[in-house]
$ cat upload.txt   # compact mmCIF, C-alpha atoms
# COMPACT_ATOMS: atom_id res chain seq x y z
CA MET H 910 -69.26 29.69 0.23
CA PRO H 911 -66.59 32.36 -0.15
CA ALA H 912 -63.30 31.04 1.23
CA THR H 913 -59.92 32.31 0.04
CA VAL H 914 -56.49 30.85 0.76
CA VAL H 915 -53.37 33.03 0.71
CA VAL H 916 -50.16 31.06 0.26
CA GLY H 917 -46.49 31.88 -0.21
CA THR H 918 -45.11 30.49 -3.47
CA GLN H 919 -41.35 30.65 -2.89
CA TRP H 920 -39.29 30.13 0.31
CA GLY H 921 -41.23 32.52 2.52
CA ASP H 922 -40.97 36.23 3.30
CA GLU H 923 -42.99 37.11 0.18
CA GLY H 924 -45.20 39.62 1.97
CA LYS H 925 -48.19 37.46 2.89
CA GLY H 926 -48.94 39.62 5.91
CA LYS H 927 -49.40 42.75 3.83
CA LEU H 928 -51.67 41.03 1.30
CA THR H 929 -53.67 39.30 4.02
CA ASP H 930 -54.10 42.65 5.74
CA LEU H 931 -55.26 44.16 2.45
CA LEU H 932 -57.76 41.38 1.69
CA ALA H 933 -59.04 41.37 5.26
CA ARG H 934 -61.11 44.46 4.57
CA GLU H 935 -63.67 42.20 2.89
CA MET H 936 -63.42 39.31 5.35
CA GLU H 937 -65.17 38.33 8.56
CA LEU H 938 -62.60 35.75 9.71
CA VAL H 939 -58.87 35.45 9.08
CA VAL H 940 -57.64 31.96 9.97
CA ARG H 941 -54.01 30.93 10.42
CA TYR H 942 -53.83 27.24 9.52
CA GLN H 943 -50.25 26.00 10.21
CA GLY H 944 -46.78 26.90 11.43
CA GLY H 945 -45.78 28.57 14.63
CA HIS H 946 -43.87 31.64 15.80
CA ASN H 947 -41.09 30.84 13.36
CA ALA H 948 -43.05 32.73 10.71
CA GLY H 949 -42.91 36.48 11.20
CA HIS H 950 -44.67 38.99 8.99
CA THR H 951 -44.46 42.76 9.03
CA LEU H 952 -47.25 45.26 8.38
CA VAL H 953 -46.81 49.00 8.01
CA VAL H 954 -49.99 50.94 8.79
CA ASP H 955 -50.03 54.73 8.87
CA GLY H 956 -46.28 54.71 9.30
CA GLU H 957 -46.38 52.33 12.26
CA THR H 958 -44.76 48.91 11.97
CA PHE H 959 -46.42 45.76 13.36
CA ALA H 960 -44.24 42.63 13.49
CA LEU H 961 -46.54 39.64 14.00
CA GLN H 962 -45.58 36.02 14.59
CA LEU H 963 -48.61 34.02 15.72
CA VAL H 964 -51.49 36.47 15.63
CA PRO H 965 -53.28 36.50 12.24
CA SER H 966 -52.90 39.66 10.18
CA GLY H 967 -56.59 40.51 10.38
CA ILE H 968 -56.16 41.56 14.03
CA LEU H 969 -55.70 45.16 12.86
CA TYR H 970 -59.33 45.37 11.68
CA HIS H 971 -62.15 45.87 14.18
CA HIS H 972 -64.60 43.76 12.15
CA ILE H 973 -62.33 40.73 11.86
CA THR H 974 -62.28 37.66 14.09
CA PRO H 975 -58.69 36.37 13.98
CA VAL H 976 -58.43 32.61 14.44
CA ILE H 977 -55.43 30.42 15.22
CA GLY H 978 -56.42 27.03 13.81
CA ASN H 979 -55.80 23.49 14.96
CA GLY H 980 -52.86 23.05 12.58
CA VAL H 981 -50.75 25.70 14.33
CA VAL H 982 -48.26 24.92 17.11
CA VAL H 983 -48.58 27.54 19.83
CA ASP H 984 -46.06 28.79 22.33
CA PRO H 985 -48.50 30.41 24.79
CA LYS H 986 -45.84 32.64 26.32
CA VAL H 987 -44.89 34.06 22.92
CA LEU H 988 -48.54 34.48 21.94
CA LEU H 989 -49.40 36.42 25.09
CA GLU H 990 -46.31 38.60 24.74
CA GLU H 991 -47.41 39.44 21.21
CA VAL H 992 -50.91 40.24 22.45
CA ASP H 993 -49.43 42.56 25.08
CA VAL H 994 -47.39 44.44 22.47
CA LEU H 995 -50.44 44.88 20.25
CA GLN H 996 -52.50 46.16 23.16
CA THR H 997 -49.86 48.76 24.04
CA LYS H 998 -50.22 50.01 20.45
CA GLY H 999 -53.96 50.37 20.89
CA VAL H 1000 -54.97 47.21 19.00
CA ASP H 1001 -58.06 45.39 20.29
CA THR H 1002 -57.13 41.72 20.74
CA SER H 1003 -60.32 40.62 22.48
CA ARG H 1004 -61.65 38.92 19.33
CA LEU H 1005 -58.68 36.54 18.99
CA LEU H 1006 -59.61 32.84 19.11
CA VAL H 1007 -57.28 29.85 19.54
CA SER H 1008 -58.20 26.29 18.65
CA GLY H 1009 -58.33 23.93 21.60
CA ASN H 1010 -56.87 21.29 19.30
CA ALA H 1011 -53.73 23.29 18.48
CA HIS H 1012 -50.60 21.76 19.94
CA LEU H 1013 -48.44 23.47 22.54
CA ILE H 1014 -44.75 24.23 22.20
CA MET H 1015 -43.17 23.21 25.49
CA PRO H 1016 -39.84 24.16 27.10
CA TYR H 1017 -38.28 20.82 26.13
CA HIS H 1018 -39.15 21.52 22.48
CA HIS H 1019 -37.04 24.69 22.57
CA GLU H 1020 -34.19 22.89 24.28
CA LEU H 1021 -34.16 19.92 21.91
CA ASP H 1022 -34.47 22.09 18.80
CA GLN H 1023 -31.40 24.12 19.72
CA LEU H 1024 -29.37 21.09 20.77
CA ALA H 1025 -30.21 19.04 17.69
CA GLU H 1026 -29.31 21.88 15.34
CA ARG H 1027 -26.02 22.43 17.16
CA TYR H 1028 -25.11 18.75 16.98
CA LEU H 1029 -25.79 18.61 13.24
CA GLY H 1030 -22.91 21.04 12.72
CA ARG H 1031 -22.23 21.59 9.01
CA ASN H 1032 -25.35 19.55 8.17
CA LYS H 1033 -27.69 21.83 10.12
CA LEU H 1034 -31.10 22.54 8.62
CA GLY H 1035 -31.15 26.25 9.41
CA THR H 1036 -34.21 26.12 11.68
CA THR H 1037 -35.24 29.13 13.76
CA LYS H 1038 -34.66 27.03 16.91
CA ARG H 1039 -38.12 27.93 18.24
CA GLY H 1040 -39.21 24.37 19.02
CA ILE H 1041 -41.48 24.08 15.99
CA GLY H 1042 -40.09 20.82 14.58
CA PRO H 1043 -39.99 18.96 17.90
CA ALA H 1044 -43.55 20.06 18.67
CA TYR H 1045 -44.82 18.72 15.35
CA ALA H 1046 -42.80 15.53 15.90
CA ASP H 1047 -44.53 14.96 19.24
CA LYS H 1048 -47.87 15.64 17.58
CA SER H 1049 -47.16 12.90 15.03
CA SER H 1050 -45.91 10.60 17.80
CA ARG H 1051 -49.19 11.22 19.68
CA ILE H 1052 -47.49 12.46 22.83
CA GLY H 1053 -48.13 16.18 22.32
CA LEU H 1054 -49.96 18.44 24.73
CA ARG H 1055 -52.73 20.58 23.27
CA VAL H 1056 -54.13 23.99 24.11
CA GLN H 1057 -57.24 22.37 25.60
CA ASP H 1058 -55.05 20.50 28.10
CA LEU H 1059 -54.34 23.84 29.77
CA LEU H 1060 -57.99 23.89 30.85
CA ASP H 1061 -57.68 20.63 32.83
CA GLU H 1062 -54.85 20.66 35.37
CA LYS H 1063 -55.10 16.93 36.11
CA ILE H 1064 -54.87 15.93 32.44
CA PHE H 1065 -52.05 18.42 31.79
CA ARG H 1066 -49.93 17.06 34.66
CA GLN H 1067 -50.57 13.43 33.70
CA LYS H 1068 -49.54 14.00 30.08
CA LEU H 1069 -46.55 16.08 31.09
CA ASP H 1070 -45.27 13.43 33.49
CA VAL H 1071 -45.41 10.80 30.74
CA VAL H 1072 -43.60 12.86 28.13
CA LEU H 1073 -40.98 14.24 30.54
CA LYS H 1074 -39.78 10.72 31.35
CA GLU H 1075 -38.70 10.37 27.73
CA LYS H 1076 -37.49 13.94 27.19
CA ASN H 1077 -35.40 14.08 30.35
CA GLN H 1078 -33.67 10.83 29.51
CA LEU H 1079 -32.89 12.21 26.07
CA LEU H 1080 -31.58 15.47 27.50
CA ALA H 1081 -29.43 13.72 30.10
CA LYS H 1082 -28.09 10.69 28.25
CA VAL H 1083 -27.66 12.10 24.75
CA TYR H 1084 -27.02 15.80 25.32
CA ASN H 1085 -25.62 15.76 28.90
CA ARG H 1086 -28.21 18.31 30.06
CA LEU H 1087 -30.00 18.69 33.37
CA PRO H 1088 -33.58 17.34 33.51
CA LEU H 1089 -36.53 19.70 33.37
CA ALA H 1090 -38.80 19.90 36.42
CA ALA H 1091 -42.49 19.18 35.90
CA ASP H 1092 -43.46 21.53 38.74
CA ASP H 1093 -41.61 24.45 37.12
CA ILE H 1094 -43.37 23.85 33.81
CA CYS H 1095 -46.76 23.56 35.52
CA ASP H 1096 -46.19 26.76 37.46
CA LEU H 1097 -45.58 28.62 34.21
CA TYR H 1098 -48.14 26.98 31.92
CA LEU H 1099 -50.96 26.35 34.40
CA GLY H 1100 -50.30 29.10 36.90
CA GLU H 1101 -49.32 32.05 34.67
CA LEU H 1102 -50.30 31.33 31.07
CA ALA H 1103 -53.52 29.28 31.24
CA PRO H 1104 -55.61 31.91 33.07
CA ARG H 1105 -54.81 34.50 30.41
CA LEU H 1106 -55.13 32.15 27.44
CA SER H 1107 -58.31 30.34 28.47
CA PRO H 1108 -60.76 33.10 27.37
CA MET H 1109 -59.36 32.78 23.83
CA VAL H 1110 -59.76 29.00 23.55
CA ALA H 1111 -62.63 27.95 21.30
CA ASP H 1112 -64.06 25.34 18.97
CA THR H 1113 -62.58 27.10 15.96
CA VAL H 1114 -63.82 24.46 13.51
CA GLY H 1115 -67.35 25.33 14.56
CA VAL H 1116 -66.65 29.07 14.35
CA VAL H 1117 -65.26 28.73 10.81
CA HIS H 1118 -68.11 26.55 9.57
CA ASP H 1119 -70.77 28.80 11.10
CA ALA H 1120 -69.24 31.72 9.19
CA LEU H 1121 -69.01 29.84 5.90
CA GLU H 1122 -72.55 28.50 6.16
CA ARG H 1123 -74.00 31.98 6.56
CA GLY H 1124 -72.03 33.19 3.52
CA ALA H 1125 -69.38 35.19 5.36
CA HIS H 1126 -66.01 35.71 3.69
CA VAL H 1127 -63.22 33.75 5.35
CA LEU H 1128 -59.52 34.12 4.60
CA PHE H 1129 -57.10 31.26 5.34
CA GLU H 1130 -53.56 32.44 5.94
CA GLY H 1131 -50.57 30.13 5.56
CA ALA H 1132 -47.18 30.64 7.15
CA GLN H 1133 -43.82 29.96 5.45
CA ALA H 1134 -44.26 28.96 1.80
CA THR H 1135 -44.65 26.27 -0.84
CA PHE H 1136 -41.01 25.20 -1.08
CA LEU H 1137 -40.72 24.90 2.68
CA ASP H 1138 -43.62 22.42 2.67
CA LEU H 1139 -42.81 19.16 4.46
CA ASP H 1140 -43.99 17.06 1.49
CA HIS H 1141 -43.36 19.32 -1.50
CA GLY H 1142 -40.47 21.53 -0.47
CA THR H 1143 -36.70 21.16 -0.75
CA TYR H 1144 -36.58 18.38 1.85
CA PRO H 1145 -34.96 18.18 4.38
CA PHE H 1146 -34.50 21.96 4.32
CA VAL H 1147 -38.17 22.55 5.01
CA THR H 1148 -40.57 23.37 7.81
CA SER H 1149 -42.49 20.71 9.75
CA SER H 1150 -45.98 21.36 8.40
CA ASN H 1151 -47.84 21.90 5.13
CA PRO H 1152 -47.97 25.56 4.03
CA VAL H 1153 -49.45 24.65 0.62
CA ALA H 1154 -53.07 25.56 0.01
CA GLY H 1155 -54.21 22.00 0.76
CA GLY H 1156 -52.92 22.48 4.30
CA ALA H 1157 -55.74 24.95 4.91
CA ALA H 1158 -58.25 22.12 4.84
CA THR H 1159 -56.60 20.03 7.56
CA GLY H 1160 -55.16 22.95 9.51
CA ALA H 1161 -58.48 24.74 9.85
CA GLY H 1162 -60.95 21.87 9.66
CA ILE H 1163 -62.71 22.44 6.34
CA GLY H 1164 -63.21 20.35 3.21
CA PRO H 1165 -61.68 21.39 -0.15
CA ARG H 1166 -65.03 22.27 -1.71
CA PHE H 1167 -65.31 25.31 0.54
CA ILE H 1168 -62.30 26.98 -1.09
CA ASP H 1169 -63.21 29.33 -3.94
CA GLU H 1170 -59.84 30.85 -4.78
CA VAL H 1171 -56.16 30.51 -3.96
CA ILE H 1172 -53.97 33.60 -4.17
CA GLY H 1173 -50.24 33.03 -4.42
CA ILE H 1174 -47.80 35.61 -3.11
CA ALA H 1175 -44.45 36.02 -4.83
CA LYS H 1176 -41.63 38.52 -4.61
CA ALA H 1177 -40.43 40.13 -7.82
CA TYR H 1178 -37.20 38.31 -7.01
CA VAL H 1179 -36.52 35.40 -4.60
CA THR H 1180 -35.09 35.04 -1.10
CA ARG H 1181 -34.66 32.22 1.35
CA VAL H 1182 -33.36 31.92 4.90
CA GLY H 1183 -31.28 29.06 6.20
CA SER H 1184 -29.76 26.11 4.40
CA GLY H 1185 -30.86 24.38 1.22
CA PRO H 1186 -30.56 24.56 -2.58
CA PHE H 1187 -31.21 27.85 -4.37
CA PRO H 1188 -30.68 27.75 -8.17
CA THR H 1189 -30.85 31.52 -8.80
CA GLU H 1190 -28.95 32.63 -5.70
CA LEU H 1191 -26.81 35.74 -6.08
CA THR H 1192 -23.72 35.90 -3.90
CA ASP H 1193 -22.28 38.98 -5.59
CA ALA H 1194 -22.81 42.75 -5.40
CA THR H 1195 -26.16 42.41 -7.19
CA GLY H 1196 -27.38 40.19 -4.38
CA ASP H 1197 -26.15 42.73 -1.83
CA VAL H 1198 -28.24 45.42 -3.54
CA LEU H 1199 -31.37 43.24 -3.33
CA VAL H 1200 -30.74 42.59 0.37
CA GLU H 1201 -30.18 46.25 1.26
CA ARG H 1202 -32.92 47.75 -0.91
CA GLY H 1203 -35.38 45.04 0.11
CA ARG H 1204 -34.34 45.10 3.80
CA GLU H 1205 -33.99 41.35 3.57
CA TYR H 1206 -33.46 40.40 7.18
CA GLY H 1207 -35.67 37.95 9.07
CA VAL H 1208 -38.49 39.44 11.17
CA ASN H 1209 -37.90 36.92 13.96
CA THR H 1210 -34.23 36.05 13.72
CA GLY H 1211 -32.64 39.08 12.07
CA ARG H 1212 -30.77 36.68 9.78
CA ARG H 1213 -29.68 37.98 6.39
CA ARG H 1214 -31.79 36.41 3.68
CA ARG H 1215 -30.19 34.83 0.65
CA PRO H 1216 -31.23 36.73 -2.52
CA GLY H 1217 -31.69 35.66 -6.14
CA TRP H 1218 -33.43 36.44 -9.41
CA PHE H 1219 -37.07 35.47 -9.97
CA ASP H 1220 -37.43 31.75 -10.65
CA ALA H 1221 -40.29 30.94 -13.03
CA VAL H 1222 -39.51 27.21 -12.82
CA MET H 1223 -40.34 27.22 -9.12
CA MET H 1224 -43.42 29.34 -9.70
CA ARG H 1225 -44.84 26.97 -12.31
CA GLN H 1226 -44.56 24.19 -9.73
CA ALA H 1227 -46.18 26.41 -7.08
CA VAL H 1228 -49.08 27.02 -9.48
CA ARG H 1229 -49.55 23.25 -9.76
CA LEU H 1230 -49.19 22.44 -6.07
CA ASN H 1231 -51.60 25.14 -4.90
CA SER H 1232 -54.04 25.39 -7.83
CA LEU H 1233 -53.38 29.12 -7.87
CA SER H 1234 -56.16 31.34 -9.14
CA GLU H 1235 -53.93 34.40 -9.36
CA VAL H 1236 -50.69 35.90 -8.10
CA ALA H 1237 -49.89 39.01 -6.10
CA LEU H 1238 -46.37 40.25 -6.79
CA THR H 1239 -44.57 42.13 -4.03
CA LYS H 1240 -41.47 44.35 -3.81
CA LEU H 1241 -41.34 45.31 -7.47
CA ASP H 1242 -39.88 48.62 -6.30
CA VAL H 1243 -36.74 46.86 -5.04
CA LEU H 1244 -35.72 46.37 -8.69
CA ASP H 1245 -36.00 50.10 -9.47
CA THR H 1246 -32.26 50.76 -9.77
CA PHE H 1247 -31.25 47.90 -12.07
CA GLU H 1248 -30.31 48.56 -15.69
CA THR H 1249 -31.47 45.05 -16.58
CA VAL H 1250 -33.31 42.33 -14.64
CA LYS H 1251 -33.17 38.57 -15.11
CA VAL H 1252 -35.77 35.83 -14.92
CA CYS H 1253 -34.95 32.14 -14.71
CA VAL H 1254 -37.14 30.45 -17.34
CA ALA H 1255 -35.66 26.93 -17.20
CA TYR H 1256 -33.00 24.75 -15.59
CA GLU H 1257 -30.32 22.70 -17.28
CA ALA H 1258 -28.57 19.65 -15.83
CA ASN H 1259 -26.69 16.77 -17.46
CA GLY H 1260 -27.69 17.97 -20.91
CA GLU H 1261 -31.40 18.03 -20.06
CA ARG H 1262 -33.66 21.09 -19.88
CA PHE H 1263 -36.30 21.39 -17.15
CA VAL H 1264 -39.29 23.76 -17.12
CA HIS H 1265 -40.46 22.26 -13.81
CA PRO H 1266 -38.16 21.32 -10.92
CA PRO H 1267 -36.61 17.84 -11.31
CA TYR H 1268 -38.06 15.49 -8.72
CA HIS H 1269 -34.70 14.02 -7.63
CA GLN H 1270 -32.74 16.11 -5.16
CA SER H 1271 -29.38 15.10 -6.62
CA VAL H 1272 -30.37 16.61 -9.96
CA PHE H 1273 -31.99 19.67 -8.41
CA HIS H 1274 -28.84 20.49 -6.45
CA GLN H 1275 -26.85 20.53 -9.70
CA VAL H 1276 -29.09 22.56 -12.00
CA THR H 1277 -27.92 25.67 -13.81
CA PRO H 1278 -30.50 28.42 -14.32
CA VAL H 1279 -31.36 29.55 -17.85
CA TYR H 1280 -32.06 33.28 -17.84
CA GLU H 1281 -33.99 35.75 -19.94
CA GLU H 1282 -32.73 39.31 -19.48
CA LEU H 1283 -35.19 42.19 -19.63
CA PRO H 1284 -34.70 45.97 -19.58
CA GLY H 1285 -34.93 47.65 -16.18
CA TRP H 1286 -36.86 50.86 -15.61
CA GLN H 1287 -34.44 52.79 -13.35
CA THR H 1288 -37.31 54.87 -11.99
CA ASP H 1289 -38.74 55.20 -8.49
CA ILE H 1290 -42.15 53.50 -8.64
CA SER H 1291 -42.96 53.69 -4.92
CA GLY H 1292 -45.51 56.46 -5.52
CA ALA H 1293 -47.45 54.59 -8.21
CA THR H 1294 -51.14 54.11 -7.49
CA GLU H 1295 -52.44 53.15 -10.93
CA LEU H 1296 -51.20 50.93 -13.72
CA ALA H 1297 -50.46 53.93 -15.91
CA ASP H 1298 -48.04 55.22 -13.26
CA LEU H 1299 -45.70 52.29 -13.82
CA PRO H 1300 -42.95 52.63 -16.47
CA GLU H 1301 -43.46 50.54 -19.58
CA ALA H 1302 -40.48 48.33 -18.70
CA ALA H 1303 -41.93 47.58 -15.27
CA ARG H 1304 -45.27 46.62 -16.81
CA ALA H 1305 -43.46 44.48 -19.38
CA TYR H 1306 -41.60 42.65 -16.60
CA VAL H 1307 -44.84 41.78 -14.80
CA HIS H 1308 -46.48 40.67 -18.06
CA PHE H 1309 -43.48 38.47 -18.80
CA LEU H 1310 -43.72 36.77 -15.39
CA ALA H 1311 -47.43 36.13 -15.86
CA GLU H 1312 -46.81 34.58 -19.29
CA GLN H 1313 -44.08 32.35 -17.89
CA ILE H 1314 -46.13 30.96 -15.00
CA GLY H 1315 -49.50 30.83 -16.76
CA VAL H 1316 -51.47 32.61 -14.02
CA PRO H 1317 -52.64 36.25 -14.01
CA VAL H 1318 -50.92 38.82 -11.80
CA ARG H 1319 -53.68 40.91 -10.21
CA LEU H 1320 -51.82 43.00 -7.66
CA VAL H 1321 -48.33 44.52 -7.63
CA GLY H 1322 -46.66 45.87 -4.49
CA VAL H 1323 -44.53 49.01 -4.91
CA GLY H 1324 -43.56 49.67 -1.29
CA PRO H 1325 -43.96 48.40 2.29
CA GLY H 1326 -47.02 50.49 3.21
CA ARG H 1327 -50.56 49.12 3.35
CA GLU H 1328 -51.66 51.31 0.42
CA GLN H 1329 -48.54 50.89 -1.73
CA PHE H 1330 -49.89 48.61 -4.42
CA VAL H 1331 -51.16 48.79 -8.00
CA ARG H 1332 -54.07 46.83 -9.42
CA PHE H 1333 -52.85 44.89 -12.42
CA ALA H 1334 -54.34 42.64 -15.10
CA ALA H 1335 -51.68 40.48 -16.67
$ encode --input "upload.txt" --output "structure tokens"
Amino acid sequence: MPATVVVGTQWGDEGKGKLTDLLAREMELVVRYQGGHNAGHTLVVDGETFALQLVPSGILYHHITPVIGNGVVVDPKVLLEEVDVLQTKGVDTSRLLVSGNAHLIMPYHHELDQLAERYLGRNKLGTTKRGIGPAYADKSSRIGLRVQDLLDEKIFRQKLDVVLKEKNQLLAKVYNRLPLAADDICDLYLGELAPRLSPMVADTVGVVHDALERGAHVLFEGAQATFLDLDHGTYPFVTSSNPVAGGAATGAGIGPRFIDEVIGIAKAYVTRVGSGPFPTELTDATGDVLVERGREYGVNTGRRRRPGWFDAVMMRQAVRLNSLSEVALTKLDVLDTFETVKVCVAYEANGERFVHPPYHQSVFHQVTPVYEELPGWQTDISGATELADLPEAARAYVHFLAEQIGVPVRLVGVGPGREQFVRFAA
């Protein structure tokens, strides 16, 4: 039963969209299993750029059924706007399916996300302020509205009335904000959005299992990345769901035995957006070069990403947490101009050496990276199509990473385009 999970192994923005798009050629379904429209990914196809947020990457293939699974939180307005943009570019979106069990992001989620982040001040988490966290919080509190509720006006209004009593009191008494009107929300969600969204709503668990049982290839696509995972990331500077490979099971409605392989995506260096610890962060001119050469600005927010050298300590933990079968390395070309490149092979703190991240946050926040320095290649590799096209130093760098993390590197990205990659065996 050929199911593959694609997961980010760092702090996001590793290039999952490009790899998912590449693997989709052999797939029948591409299933997004968690996150919301806080997770943008960019694809470049025939020189045209597609910036996706909610729609799975496989939408660009005519033979793919893209599925938004039950573990995703959906802002229907954002989703339909994204569909409209794709349609204007000639992309067929008629195959897109949305789980009826996926939870809705509501206007009060946006409002509360922005207000909470503002009130945290210096202690802010660095969220995208898209309502993701509050939506997942309501899901856990069992007061969330789901996509299927859009198909029953009576149920939608009843649930909305209950939750608005709490949310409006919170907005008024804590944040000194005006209450939200139920009629206004119903006019938008039931009157404008539901008629357009309803043809997409489906029993996606059934769709996925039907495909797996007939031997079709299914790709499960995670948003964000391992170290933004609610349970395993750098808490509290994390997302509100489980991007790790195990999240595919709950977020799409399958058991673990269906998963055949897990492909981890990693940049040839590291970036993160927002607050939180970052042992290999570069705040100097070298970091500026990585940002400018790698165009390290958020797809959704435009925020400058924080850059750093490759962290093999993190990657070893990502291998464990996701049971990685292999790794795809992206953006190797960004390192083209460096005379030497560094890799963090261990941490040191309080006289102790760590080859895996220390479990206690107080220790992790204090670690000093231990680097190995390797020769750079100072050659433009963006035109490489075969392994032999890569300079020896570039190949040596990839081999070194594979040795450090204990998992083979099978694919190396050398540019942003769909075809800019090199098959590797490390």
$ closest_residue --input "upload.txt" --among "H:Val964, H:Val982, H:Leu932, H:Leu1013" --to "Asp1058 in chain H" --atoms "all atoms listed in the file"
H:Leu1013
$ closest_atom_pairs --input "upload.txt" --of "range 1042-1152 of chain H" --to "range 1181-1204 of chain H" --cutoff "12 Å" --atoms "all atoms listed in the file" --output "CSV"
residue,atom,partner,partner_atom,distance
H:Gln1133,CA,H:Arg1181,CA,10.3
H:Ala1134,CA,H:Arg1181,CA,10.1
H:Thr1135,CA,H:Arg1181,CA,11.8
H:Phe1136,CA,H:Arg1181,CA,9.8
H:Leu1137,CA,H:Arg1181,CA,9.6
H:Gly1142,CA,H:Gly1185,CA,10.2
H:Thr1143,CA,H:Gly1185,CA,7.0
H:Tyr1144,CA,H:Gly1185,CA,8.3
H:Pro1145,CA,H:Gly1185,CA,8.1
H:Phe1146,CA,H:Gly1185,CA,5.4
H:Val1147,CA,H:Gly1185,CA,8.4
H:Thr1148,CA,H:Gly1183,CA,11.0
$ residues_near_point --input "upload.txt" --point "(-56.7, 46.1, 8.3)" --cutoff "8 Å" --atoms "all atoms listed in the file" --output "PyMOL selection string"
chain H and resi 930-931+933-934+966-970
$ closest_residue --input "upload.txt" --among "H:Gly1326, H:Gly1211, H:Gly978, H:Gly924" --to "Val1114 in chain H" --atoms "all atoms listed in the file"
H:Gly978
$ axis_aligned_box --input "upload.txt" --around "range 1273-1282 of chain H" --padding-each-side "4 Å" --output "lines of an AutoDock Vina configuration file"
center_x = -30.4
center_y = 29.5
center_z = -13.2
size_x = 15.1
size_y = 27.6
size_z = 21.5
$ residues_around --input "upload.txt" --residues "range 1231-1244 of chain H" --least-positions-apart "6" --cutoff "6 Å" --atoms "all atoms listed in the file" --output "PyMOL selection string"
chain H and resi 1153-1154+1170-1177+1202-1203+1290+1316-1323
$ residues_around --input "upload.txt" --residues "Leu988 in chain H" --least-positions-apart "5" --cutoff "10 Å" --atoms "only C-alpha atoms" --output "ChimeraX atom specification"
/H:945-946,961-964,983,993,1102,1106
$ closest_residue --input "upload.txt" --among "H:Val1222, H:Ala1303, H:Val940, H:Val1276" --to "Asp1289 in chain H" --atoms "only C-alpha atoms"
H:Ala1303
$ atom_distance --input "upload.txt" --atom1 "CA of Asp1061 in chain H" --atom2 "CA of Ala1111 in chain H"
14.5 Å
$ residues_near_point --input "upload.txt" --point "(-32.9, 44.1, -10.2)" --cutoff "8 Å" --atoms "only C-alpha atoms" --output "list of chain:residue names"
H:Tyr1178, H:Thr1195, H:Leu1199, H:Trp1218, H:Val1243, H:Leu1244, H:Asp1245, H:Thr1246, H:Phe1247, H:Glu1248, H:Thr1249, H:Val1250, H:Lys1251, H:Gly1285
$ closest_residue --input "upload.txt" --among "H:Asp1220, H:Asp1112, H:Asp1140, H:Glu923" --to "Gly1009 in chain H" --atoms "only C-alpha atoms"
H:Asp1112
$ closest_residue --input "upload.txt" --among "H:Glu1261, H:Glu990, H:Asp1298, H:Glu1020" --to "Asn1077 in chain H" --atoms "all atoms listed in the file"
H:Glu1020
$ atom_distance --input "upload.txt" --atom1 "CA of Ala1132 in chain H" --atom2 "CA of Thr1159 in chain H"
14.2 Å
$ residues_around --input "upload.txt" --residues "Gln1275 in chain H" --least-positions-apart "2" --cutoff "10 Å" --atoms "only C-alpha atoms" --output "ChimeraX atom specification"
/H:1186,1188,1256-1259,1270-1273,1277-1278
$ atom_distance --input "upload.txt" --atom1 "CA of His1019 in chain H" --atom2 "CA of Lys1038 in chain H"
6.6 Å
$ closest_residue --input "upload.txt" --among "H:Ala1044, H:Leu1060, H:Val1127, H:Ala960" --to "Ile1014 in chain H" --atoms "only C-alpha atoms"
H:Ala1044
$ residues_around --input "upload.txt" --residues "Arg1004 in chain H" --least-positions-apart "3" --cutoff "9 Å" --atoms "all atoms listed in the file" --output "compact mmCIF listing (two decimals) with C-alpha atoms, in the frame of the given file"
# COMPACT_ATOMS: atom_id res chain seq x y z
CA ILE H 968 -56.16 41.56 14.03
CA HIS H 971 -62.15 45.87 14.18
CA ILE H 973 -62.33 40.73 11.86
CA THR H 974 -62.28 37.66 14.09
CA PRO H 975 -58.69 36.37 13.98
CA VAL H 976 -58.43 32.61 14.44
CA ASP H 1001 -58.06 45.39 20.29
CA MET H 1109 -59.36 32.78 23.83
$ residues_around --input "upload.txt" --residues "range 911-914 of chain H" --least-positions-apart "4" --cutoff "8 Å" --atoms "only C-alpha atoms" --output "ChimeraX atom specification"
/H:1121,1124-1131,1154,1157,1167-1172
$ build_atoms --input "upload.txt" --residues "range 1055-1061 of chain H" --atoms "N, CA and C atoms" --output "PDB file, keeping the file's coordinate frame"
ATOM      1  N   ARG H1055     -51.958  19.630  24.073  1.00  0.00           N
ATOM      2  CA  ARG H1055     -52.730  20.580  23.270  1.00  0.00           C
ATOM      3  C   ARG H1055     -53.203  21.756  24.122  1.00  0.00           C
ATOM      4  N   VAL H1056     -53.644  22.784  23.423  1.00  0.00           N
ATOM      5  CA  VAL H1056     -54.130  23.990  24.110  1.00  0.00           C
ATOM      6  C   VAL H1056     -55.235  23.629  25.089  1.00  0.00           C
ATOM      7  N   GLN H1057     -56.129  22.734  24.723  1.00  0.00           N
ATOM      8  CA  GLN H1057     -57.240  22.370  25.600  1.00  0.00           C
ATOM      9  C   GLN H1057     -56.774  21.724  26.899  1.00  0.00           C
ATOM     10  N   ASP H1058     -55.568  21.125  26.884  1.00  0.00           N
ATOM     11  CA  ASP H1058     -55.050  20.500  28.100  1.00  0.00           C
ATOM     12  C   ASP H1058     -54.765  21.536  29.189  1.00  0.00           C
ATOM     13  N   LEU H1059     -54.546  22.780  28.792  1.00  0.00           N
ATOM     14  CA  LEU H1059     -54.340  23.840  29.770  1.00  0.00           C
ATOM     15  C   LEU H1059     -55.580  24.092  30.624  1.00  0.00           C
ATOM     16  N   LEU H1060     -56.733  23.652  30.145  1.00  0.00           N
ATOM     17  CA  LEU H1060     -57.990  23.890  30.850  1.00  0.00           C
ATOM     18  C   LEU H1060     -58.324  22.777  31.842  1.00  0.00           C
ATOM     19  N   ASP H1061     -57.467  21.754  31.913  1.00  0.00           N
ATOM     20  CA  ASP H1061     -57.680  20.630  32.830  1.00  0.00           C
ATOM     21  C   ASP H1061     -56.351  20.310  33.490  1.00  0.00           C
TER      22      ASP H1061
END
